[in-house]
Amino acid sequence: MSYEINLHFPHFDSAVRMPAVPRKGDIVDFTDPEIGDTAWVVAEVRYTAYADGTEGSIYLALDPADEDTKERSERFEADRLAALRSLVTEK
């Protein structure tokens, strides 16, 4: 069995399938083509359910687990914002 989990990073979101739901404080490794291999600490785990009681979504809020991940995440956000500003100034 695997779980569809919504990951909330400081600068982007992603959905993945995982074999188990991490707990608060666990380290989650994540690979992204734009920022590479990174490590994140689970800061919050939230479950939602539908009104009829069936399972809804699983949400993890993640914080950088180390300085390298923090720097990559901040660089990703700075590059993304620079690209957006460039688009705005071109018009």
# chains A, B, ... in the order shown; residues from 1 in each chain; ligands from 1
call {"tool": "select_by_dssp", "arguments": {"residues": "chain A", "states": "helix (DSSP H, G or I)", "output": "VMD selection string"}}
result
chain A and resid 67 to 90
call {"tool": "write_last_selection", "arguments": {"atoms": "N, CA, C and O atoms", "output": "mmCIF file, in the first residue's frame"}}
result
data_model
loop_
_atom_site.group_PDB
_atom_site.id
_atom_site.type_symbol
_atom_site.label_atom_id
_atom_site.label_comp_id
_atom_site.auth_asym_id
_atom_site.auth_seq_id
_atom_site.Cartn_x
_atom_site.Cartn_y
_atom_site.Cartn_z
ATOM 1 N N GLU A 67 21.751 23.112 6.117
ATOM 2 C CA GLU A 67 22.072 24.400 5.500
ATOM 3 C C GLU A 67 22.103 24.308 3.971
ATOM 4 O O GLU A 67 21.665 25.225 3.277
ATOM 5 N N ASP A 68 22.596 23.191 3.437
ATOM 6 C CA ASP A 68 22.644 23.017 1.987
ATOM 7 C C ASP A 68 21.239 23.051 1.382
ATOM 8 O O ASP A 68 20.996 23.714 0.374
ATOM 9 N N THR A 69 20.309 22.335 1.997
ATOM 10 C CA THR A 69 18.926 22.326 1.513
ATOM 11 C C THR A 69 18.324 23.723 1.605
ATOM 12 O O THR A 69 17.645 24.179 0.683
ATOM 13 N N LYS A 70 18.590 24.409 2.703
ATOM 14 C CA LYS A 70 18.064 25.768 2.869
ATOM 15 C C LYS A 70 18.585 26.683 1.764
ATOM 16 O O LYS A 70 17.821 27.433 1.150
ATOM 17 N N GLU A 71 19.885 26.612 1.489
ATOM 18 C CA GLU A 71 20.478 27.453 0.437
ATOM 19 C C GLU A 71 19.911 27.115 -0.940
ATOM 20 O O GLU A 71 19.602 28.012 -1.726
ATOM 21 N N ARG A 72 19.756 25.834 -1.247
ATOM 22 C CA ARG A 72 19.195 25.440 -2.544
ATOM 23 C C ARG A 72 17.762 25.934 -2.693
ATOM 24 O O ARG A 72 17.366 26.415 -3.754
ATOM 25 N N SER A 73 16.987 25.808 -1.621
ATOM 26 C CA SER A 73 15.598 26.243 -1.644
ATOM 27 C C SER A 73 15.505 27.756 -1.847
ATOM 28 O O SER A 73 14.700 28.242 -2.645
ATOM 29 N N GLU A 74 16.341 28.501 -1.143
ATOM 30 C CA GLU A 74 16.337 29.958 -1.285
ATOM 31 C C GLU A 74 16.803 30.382 -2.681
ATOM 32 O O GLU A 74 16.249 31.307 -3.268
ATOM 33 N N ARG A 75 17.799 29.690 -3.224
ATOM 34 C CA ARG A 75 18.277 29.988 -4.581
ATOM 35 C C ARG A 75 17.185 29.695 -5.611
ATOM 36 O O ARG A 75 16.959 30.472 -6.546
ATOM 37 N N PHE A 76 16.477 28.573 -5.430
ATOM 38 C CA PHE A 76 15.362 28.222 -6.312
ATOM 39 C C PHE A 76 14.316 29.330 -6.311
ATOM 40 O O PHE A 76 13.849 29.769 -7.363
ATOM 41 N N GLU A 77 13.958 29.816 -5.131
ATOM 42 C CA GLU A 77 12.944 30.870 -5.012
ATOM 43 C C GLU A 77 13.441 32.168 -5.633
ATOM 44 O O GLU A 77 12.702 32.855 -6.342
ATOM 45 N N ALA A 78 14.695 32.524 -5.399
ATOM 46 C CA ALA A 78 15.249 33.759 -5.972
ATOM 47 C C ALA A 78 15.261 33.679 -7.501
ATOM 48 O O ALA A 78 14.895 34.654 -8.175
ATOM 49 N N ASP A 79 15.645 32.546 -8.054
ATOM 50 C CA ASP A 79 15.653 32.371 -9.507
ATOM 51 C C ASP A 79 14.246 32.444 -10.082
ATOM 52 O O ASP A 79 14.012 33.048 -11.131
ATOM 53 N N ARG A 80 13.301 31.834 -9.382
ATOM 54 C CA ARG A 80 11.898 31.849 -9.831
ATOM 55 C C ARG A 80 11.354 33.275 -9.840
ATOM 56 O O ARG A 80 10.722 33.714 -10.808
ATOM 57 N N LEU A 81 11.629 34.030 -8.775
ATOM 58 C CA LEU A 81 11.162 35.413 -8.702
ATOM 59 C C LEU A 81 11.833 36.289 -9.752
ATOM 60 O O LEU A 81 11.188 37.157 -10.349
ATOM 61 N N ALA A 82 13.113 36.079 -10.006
ATOM 62 C CA ALA A 82 13.821 36.844 -11.038
ATOM 63 C C ALA A 82 13.208 36.575 -12.412
ATOM 64 O O ALA A 82 13.037 37.508 -13.213
ATOM 65 N N ALA A 83 12.862 35.333 -12.687
ATOM 66 C CA ALA A 83 12.240 34.994 -13.968
ATOM 67 C C ALA A 83 10.873 35.662 -14.097
ATOM 68 O O ALA A 83 10.522 36.181 -15.171
ATOM 69 N N LEU A 84 10.107 35.686 -13.012
ATOM 70 C CA LEU A 84 8.796 36.355 -13.039
ATOM 71 C C LEU A 84 8.950 37.854 -13.258
ATOM 72 O O LEU A 84 8.216 38.457 -14.037
ATOM 73 N N ARG A 85 9.913 38.473 -12.567
ATOM 74 C CA ARG A 85 10.151 39.917 -12.741
ATOM 75 C C ARG A 85 10.559 40.217 -14.176
ATOM 76 O O ARG A 85 10.156 41.227 -14.755
ATOM 77 N N SER A 86 11.355 39.348 -14.755
ATOM 78 C CA SER A 86 11.794 39.522 -16.123
ATOM 79 C C SER A 86 10.601 39.512 -17.081
ATOM 80 O O SER A 86 10.540 40.310 -18.005
ATOM 81 N N LEU A 87 9.669 38.612 -16.846
ATOM 82 C CA LEU A 87 8.470 38.537 -17.680
ATOM 83 C C LEU A 87 7.643 39.820 -17.570
ATOM 84 O O LEU A 87 7.119 40.320 -18.561
ATOM 85 N N VAL A 88 7.537 40.338 -16.361
ATOM 86 C CA VAL A 88 6.739 41.550 -16.125
ATOM 87 C C VAL A 88 7.386 42.760 -16.790
ATOM 88 O O VAL A 88 6.703 43.576 -17.412
ATOM 89 N N THR A 89 8.690 42.880 -16.696
ATOM 90 C CA THR A 89 9.377 44.041 -17.264
ATOM 91 C C THR A 89 9.446 43.986 -18.785
ATOM 92 O O THR A 89 9.602 45.018 -19.428
ATOM 93 N N GLU A 90 9.314 42.801 -19.369
ATOM 94 C CA GLU A 90 9.327 42.669 -20.823
ATOM 95 C C GLU A 90 8.075 43.241 -21.466
ATOM 96 O O GLU A 90 8.077 43.625 -22.609
#
call {"tool": "select_by_dssp", "arguments": {"residues": "region 3-91 of chain A", "states": "strand (DSSP E or B)", "output": "JSON, numbers by chain"}}
result
{"A": [3, 4, 5, 6, 7, 8, 13, 14, 15, 16, 17, 18, 27, 28, 29, 30, 31, 32, 36, 37, 38, 39, 40, 41, 42, 43, 44, 45, 46, 47, 48, 49, 55, 56, 57, 58, 59, 60, 61, 62, 63, 64]}
call {"tool": "atom_distance", "arguments": {"atom1": "CA of Lys24 (chain A)", "atom2": "CA of Asp52 (chain A)"}}
result
26.9 Å
call {"tool": "residues_around", "arguments": {"residues": "Ser57 (chain A)", "least_positions_apart": "4", "cutoff": "10 Å", "atoms": "only C-alpha atoms", "output": "number ranges by chain"}}
result
A: 3-6, 46-50
call {"tool": "write_last_selection", "arguments": {"atoms": "N, CA, C and O atoms", "output": "compact mmCIF listing (two decimals), in the first residue's frame"}}
result
# COMPACT_ATOMS: atom_id res chain seq x y z
N TYR A 3 0.65 5.80 -0.07
CA TYR A 3 -0.19 6.95 0.24
C TYR A 3 0.15 8.12 -0.67
O TYR A 3 1.33 8.40 -0.90
N GLU A 4 -0.85 8.79 -1.15
CA GLU A 4 -0.67 10.05 -1.89
C GLU A 4 -0.52 11.14 -0.84
O GLU A 4 -1.40 11.35 -0.01
N ILE A 5 0.63 11.81 -0.86
CA ILE A 5 0.92 12.80 0.17
C ILE A 5 1.24 14.14 -0.50
O ILE A 5 2.04 14.20 -1.43
N ASN A 6 0.62 15.19 0.00
CA ASN A 6 0.88 16.55 -0.49
C ASN A 6 2.01 17.13 0.35
O ASN A 6 1.90 17.23 1.58
N ARG A 46 -0.81 16.75 8.68
CA ARG A 46 -2.24 17.03 8.81
C ARG A 46 -3.02 16.06 7.93
O ARG A 46 -2.66 15.82 6.78
N TYR A 47 -4.06 15.49 8.50
CA TYR A 47 -4.95 14.59 7.77
C TYR A 47 -6.29 15.30 7.61
O TYR A 47 -6.75 15.96 8.54
N THR A 48 -6.89 15.15 6.46
CA THR A 48 -8.24 15.68 6.28
C THR A 48 -9.15 14.50 5.98
O THR A 48 -8.71 13.46 5.50
N ALA A 49 -10.41 14.67 6.26
CA ALA A 49 -11.39 13.63 5.98
C ALA A 49 -12.61 14.29 5.35
O ALA A 49 -12.89 15.47 5.57
N TYR A 50 -13.30 13.52 4.54
CA TYR A 50 -14.54 14.00 3.94
C TYR A 50 -15.65 13.94 4.96
O TYR A 50 -15.55 13.26 5.99
call {"tool": "closest_residue", "arguments": {"among": "A:Met1, A:Asp66, A:Leu60, A:Asp29", "to": "Val45 (chain A)", "atoms": "only C-alpha atoms"}}
result
A:Leu60
call {"tool": "atom_distance", "arguments": {"atom1": "CA of Val28 (chain A)", "atom2": "CA of Val42 (chain A)"}}
result
7.1 Å
